[in-house]
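**Q** File name my_file_20.txt; file contents compact mmCIF, C-alpha atoms; full text below.
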```
# COMPACT_ATOMS: atom_id res chain seq x y z
CA MET A 12 0.00 0.00 0.00
CA SER A 13 2.14 2.81 -1.18
CA GLU A 14 1.76 5.76 -3.45
CA THR A 15 4.34 7.74 -5.34
CA SER A 16 4.88 11.40 -4.54
CA ASP A 17 7.47 13.96 -5.66
CA ASP A 18 9.71 12.74 -2.83
CA GLY A 19 9.50 9.07 -3.85
CA PRO A 20 7.37 6.27 -2.43
CA GLN A 21 5.32 7.15 0.62
CA GLU A 22 3.43 4.65 2.71
CA LEU A 23 -0.30 5.31 2.59
CA LEU A 24 -0.61 4.70 6.34
CA SER A 25 2.59 6.43 7.42
CA ASN A 26 0.89 9.54 8.83
CA VAL A 27 -2.88 9.20 9.10
CA LEU A 28 -5.21 12.03 10.09
CA VAL A 29 -8.36 10.84 11.88
CA PRO A 30 -11.27 13.29 12.23
CA VAL A 31 -13.48 12.55 15.25
CA ALA A 32 -16.54 14.26 16.71
CA THR A 33 -17.25 12.52 20.02
CA VAL A 34 -15.76 9.95 22.38
CA ASN A 35 -18.00 7.21 20.96
CA ASP A 36 -17.03 8.19 17.41
CA ALA A 37 -13.34 8.23 18.37
CA THR A 38 -13.55 4.81 20.00
CA ALA A 39 -15.30 3.24 17.02
CA THR A 40 -13.01 4.93 14.50
CA ALA A 41 -9.83 3.87 16.33
CA SER A 42 -11.15 0.32 16.56
CA ALA A 43 -11.90 0.26 12.82
CA LEU A 44 -8.45 1.69 11.99
CA ALA A 45 -6.42 -0.59 14.30
CA PRO A 46 -6.28 -3.66 12.00
CA TYR A 47 -4.52 -1.55 9.35
CA ASP A 48 -1.64 -0.69 11.73
CA PRO A 49 -0.86 2.91 10.74
CA ALA A 50 2.62 4.18 11.66
CA THR A 51 1.48 7.57 12.99
CA VAL A 52 -2.01 8.70 13.95
CA THR A 53 -3.16 12.25 14.57
CA THR A 54 -6.68 12.95 15.77
CA VAL A 55 -8.39 16.13 14.62
CA HIS A 56 -11.45 17.62 16.27
CA ILE A 57 -13.16 20.53 14.55
CA ILE A 58 -14.66 23.08 16.90
CA GLU A 59 -17.38 24.83 14.94
CA LYS A 60 -16.83 28.49 15.71
CA GLY A 61 -16.60 31.79 13.95
CA ASP A 62 -18.11 34.47 11.75
CA GLY A 63 -20.25 36.06 14.47
CA VAL A 64 -22.63 33.10 14.54
CA PRO A 65 -23.53 31.65 17.96
CA ASP A 66 -21.44 28.62 18.83
CA LYS A 67 -23.17 25.22 18.96
CA THR A 68 -21.44 24.55 22.28
CA PRO A 69 -19.18 26.70 24.46
CA VAL A 70 -15.58 26.59 23.23
CA GLU A 71 -14.33 25.23 26.56
CA GLN A 72 -16.83 22.37 26.37
CA SER A 73 -15.83 21.62 22.77
CA GLU A 74 -12.15 21.61 23.71
CA GLY A 75 -12.94 19.17 26.52
CA ILE A 76 -14.73 16.89 24.06
CA ALA A 77 -11.66 17.07 21.78
CA GLU A 78 -9.38 16.00 24.65
CA GLU A 79 -11.72 13.14 25.63
CA ALA A 80 -11.95 11.97 22.01
CA ALA A 81 -8.16 12.03 21.69
CA ALA A 82 -7.88 9.98 24.88
CA ALA A 83 -10.26 7.42 23.37
CA VAL A 84 -8.05 7.17 20.26
CA ARG A 85 -4.96 6.87 22.47
CA ALA A 86 -6.46 3.77 24.08
CA GLU A 87 -5.81 2.10 20.70
CA PHE A 88 -2.86 4.26 19.53
CA PRO A 89 -0.97 5.51 22.62
CA GLU A 90 1.21 7.95 20.68
CA ALA A 91 -1.67 9.60 18.78
CA GLY A 92 -1.47 13.35 18.54
CA LEU A 93 -4.33 15.83 18.77
CA GLU A 94 -5.02 18.80 16.55
CA LYS A 95 -7.93 21.16 17.16
CA ALA A 96 -9.27 23.42 14.45
CA TYR A 97 -11.78 26.23 14.82
CA SER A 98 -14.03 26.68 11.79
CA ARG A 99 -17.60 26.54 10.54
CA ASP A 100 -16.41 24.66 7.43
CA VAL A 101 -15.58 21.23 8.86
CA VAL A 102 -14.25 19.67 5.65
CA SER A 103 -11.97 22.60 4.79
CA ALA A 104 -10.63 22.56 8.34
CA ILE A 105 -9.82 18.84 8.04
CA PHE A 106 -8.00 19.51 4.76
CA ASP A 107 -6.06 22.41 6.33
CA VAL A 108 -4.88 20.23 9.23
CA ALA A 109 -3.99 17.40 6.83
CA GLU A 110 -1.79 19.83 4.92
CA GLU A 111 -0.22 21.26 8.11
CA ILE A 112 0.83 17.84 9.39
CA ASP A 113 1.61 16.48 5.90
CA ALA A 114 -0.82 13.59 6.37
CA SER A 115 -0.33 10.67 4.02
CA ALA A 116 -4.08 9.95 4.21
CA ILE A 117 -7.28 10.90 5.99
CA ALA A 118 -9.09 7.96 7.58
CA TYR A 119 -12.66 8.39 8.76
CA ARG A 120 -15.69 6.32 9.64
CA SER A 121 -18.99 7.46 8.21
CA ARG A 122 -21.48 8.40 10.89
CA GLY A 123 -24.32 7.18 8.72
CA GLY A 124 -27.79 8.61 8.98
CA ASN A 125 -30.69 8.65 6.59
CA ARG A 126 -30.70 10.57 3.32
CA LEU A 127 -32.50 13.56 4.83
CA ALA A 128 -29.90 13.88 7.59
CA GLN A 129 -27.12 13.62 5.01
CA PHE A 130 -28.78 16.26 2.82
CA LEU A 131 -29.26 18.65 5.75
CA SER A 132 -25.65 18.22 6.89
CA GLY A 133 -24.36 18.89 3.36
CA ASP A 134 -23.11 15.30 3.27
CA LEU A 135 -19.67 15.90 4.74
CA SER A 136 -18.54 12.41 3.68
CA LEU A 137 -19.19 13.21 0.04
CA LYS A 138 -17.23 16.45 0.27
CA LEU A 139 -14.42 14.70 2.13
CA VAL A 140 -13.91 12.00 -0.49
CA THR A 141 -14.48 14.13 -3.60
CA GLN A 142 -12.54 17.28 -2.72
CA ALA A 143 -9.45 15.91 -0.96
CA ASP A 144 -5.94 16.43 -2.30
CA ARG A 145 -4.72 13.20 -0.68
CA PRO A 146 -6.09 9.68 -0.22
CA VAL A 147 -9.19 9.36 1.93
CA ILE A 148 -9.85 6.01 3.57
CA ALA A 149 -13.45 5.19 4.48
CA LEU A 150 -13.23 2.73 7.36
CA PRO A 151 -15.81 -0.03 7.61
CA ARG A 152 -18.70 0.18 10.05
CA SER A 153 -19.64 -2.82 12.16
CA ASP A 154 -22.77 -4.87 11.40
CA THR A 155 -24.47 -3.56 14.56
CA GLU A 156 -24.26 0.11 13.54
```
If you convert what's in this file into structure tokens, what do you get?

**A**
Amino acid sequence: MSETSDDGPQELLSNVLVPVATVNDATATASALAPYDPATVTTVHIIEKGDGVPDKTPVEQSEGIAEEAAAAVRAEFPEAGLEKAYSRDVVSAIFDVAEEIDASAIAYRSRGGNRLAQFLSGDLSLKLVTQADRPVIALPRSDTE
């Protein structure tokens, strides 16, 4: 599993960025990623903030959720890093962090939902996989989800 870049071969799973929203999401995503044995894992939590619009949750609460989610990922990947980004545009923020850390890939687990929920959310998964400038890995969901 390698790709060729300007600098020569690069392992697809050498530096994986993992977006997570909650502790449960982080736990399930880390569990789904573990069998693929990535070399380096960085968790990213997007705190939706900005542009004079009221925040969905207080920033301090969102930062606490980010820390708890990172701890859940670290249960599977003890050396996992944590990046926090503050933006209303979740997908662009993920891409910005991926560029900052020079991620070899973005690995995520779809949160599912019905078509109406996906439409109302702007279908972040679709944007993630169609607009990325690096490989995006959609991790499998378990049969019980």

**Q** By how many Å are CA of Glu111 in chain A and CA of Leu24 in chain A apart?

**A**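 Distance reported for this atom pair: 16.7 Å.
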
**Q** Around all the atoms of range 106-121 of chain A listed in the file, draw an axis-aligned box and extend it by 5 Å on each of the six sides; I want its centre and edge lengths in Å to one decimal, as lines of an AutoDock Vina configuration file.

**A**
```
center_x = -8.7
center_y = 14.4
center_z = 6.8
size_x = 30.6
size_y = 26.1
size_z = 15.6
```

**Q** May I have the residues within 12 Å of Asp48 in chain A as a ChimeraX atom specification, using all atoms listed in the file and disregarding those fewer than 6 positions away in the same chain?

**A** /A:12,22-27,41-42,87-88

**Q** Give me, as a PyMOL selection string, all polymer residues having an atom no more than 12 Å from Ala86 in chain A, counting only C-alpha atoms and skipping those fewer than 6 positions away in the same chain.

**A** chain A and resi 34+37-42+45+79-80

**Q** Enter the distance from CA of Ala118 in chain A to CA of Lys60 in chain A, in Å, rounded to one decimal.

**A**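 Taking CA of Ala118 in chain A and CA of Lys60 in chain A, their separation equals 23.4 Å.
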
**Q** Here is a test: counting only C-alpha atoms, which residue of A:Thr54, A:Asn35, A:Ser153, A:Gln72 is nearest to Ile112 in chain A?

**A**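 Result for the nearest residue to Ile112 in chain A: A:Thr54.
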
**Q** What does the structure give for the distance between CA of Glu71 in chain A and CA of Thr33 in chain A, in Å to one decimal?

**A**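 Pair CA of Glu71 in chain A / CA of Thr33 in chain A returns 14.6 Å.
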
**Q** Let me make sure I understand: among A:Val55, A:Leu137, A:Ala116, A:Ile148, which one has the smallest atom-to-atom distance to Tyr97 in chain A if we use only C-alpha atoms?

**A**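 Among A:Val55, A:Leu137, A:Ala116, A:Ile148, it is A:Val55 that comes nearest to Tyr97 in chain A.
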
**Q** Select, counting all atoms listed in the file, all protein, DNA and RNA residues no farther than 7 Å from (-17.2, 4.2, 12.4) in file coordinates, and express the selection as a compact mmCIF listing (two decimals) with C-alpha atoms, in the frame of the given file.

**A**
```txt
# COMPACT_ATOMS: atom_id res chain seq x y z
CA ASP A 36 -17.03 8.19 17.41
CA ALA A 39 -15.30 3.24 17.02
CA THR A 40 -13.01 4.93 14.50
CA ALA A 43 -11.90 0.26 12.82
CA ARG A 120 -15.69 6.32 9.64
CA SER A 121 -18.99 7.46 8.21
CA ARG A 122 -21.48 8.40 10.89
CA LEU A 150 -13.23 2.73 7.36
CA PRO A 151 -15.81 -0.03 7.61
CA ARG A 152 -18.70 0.18 10.05
```
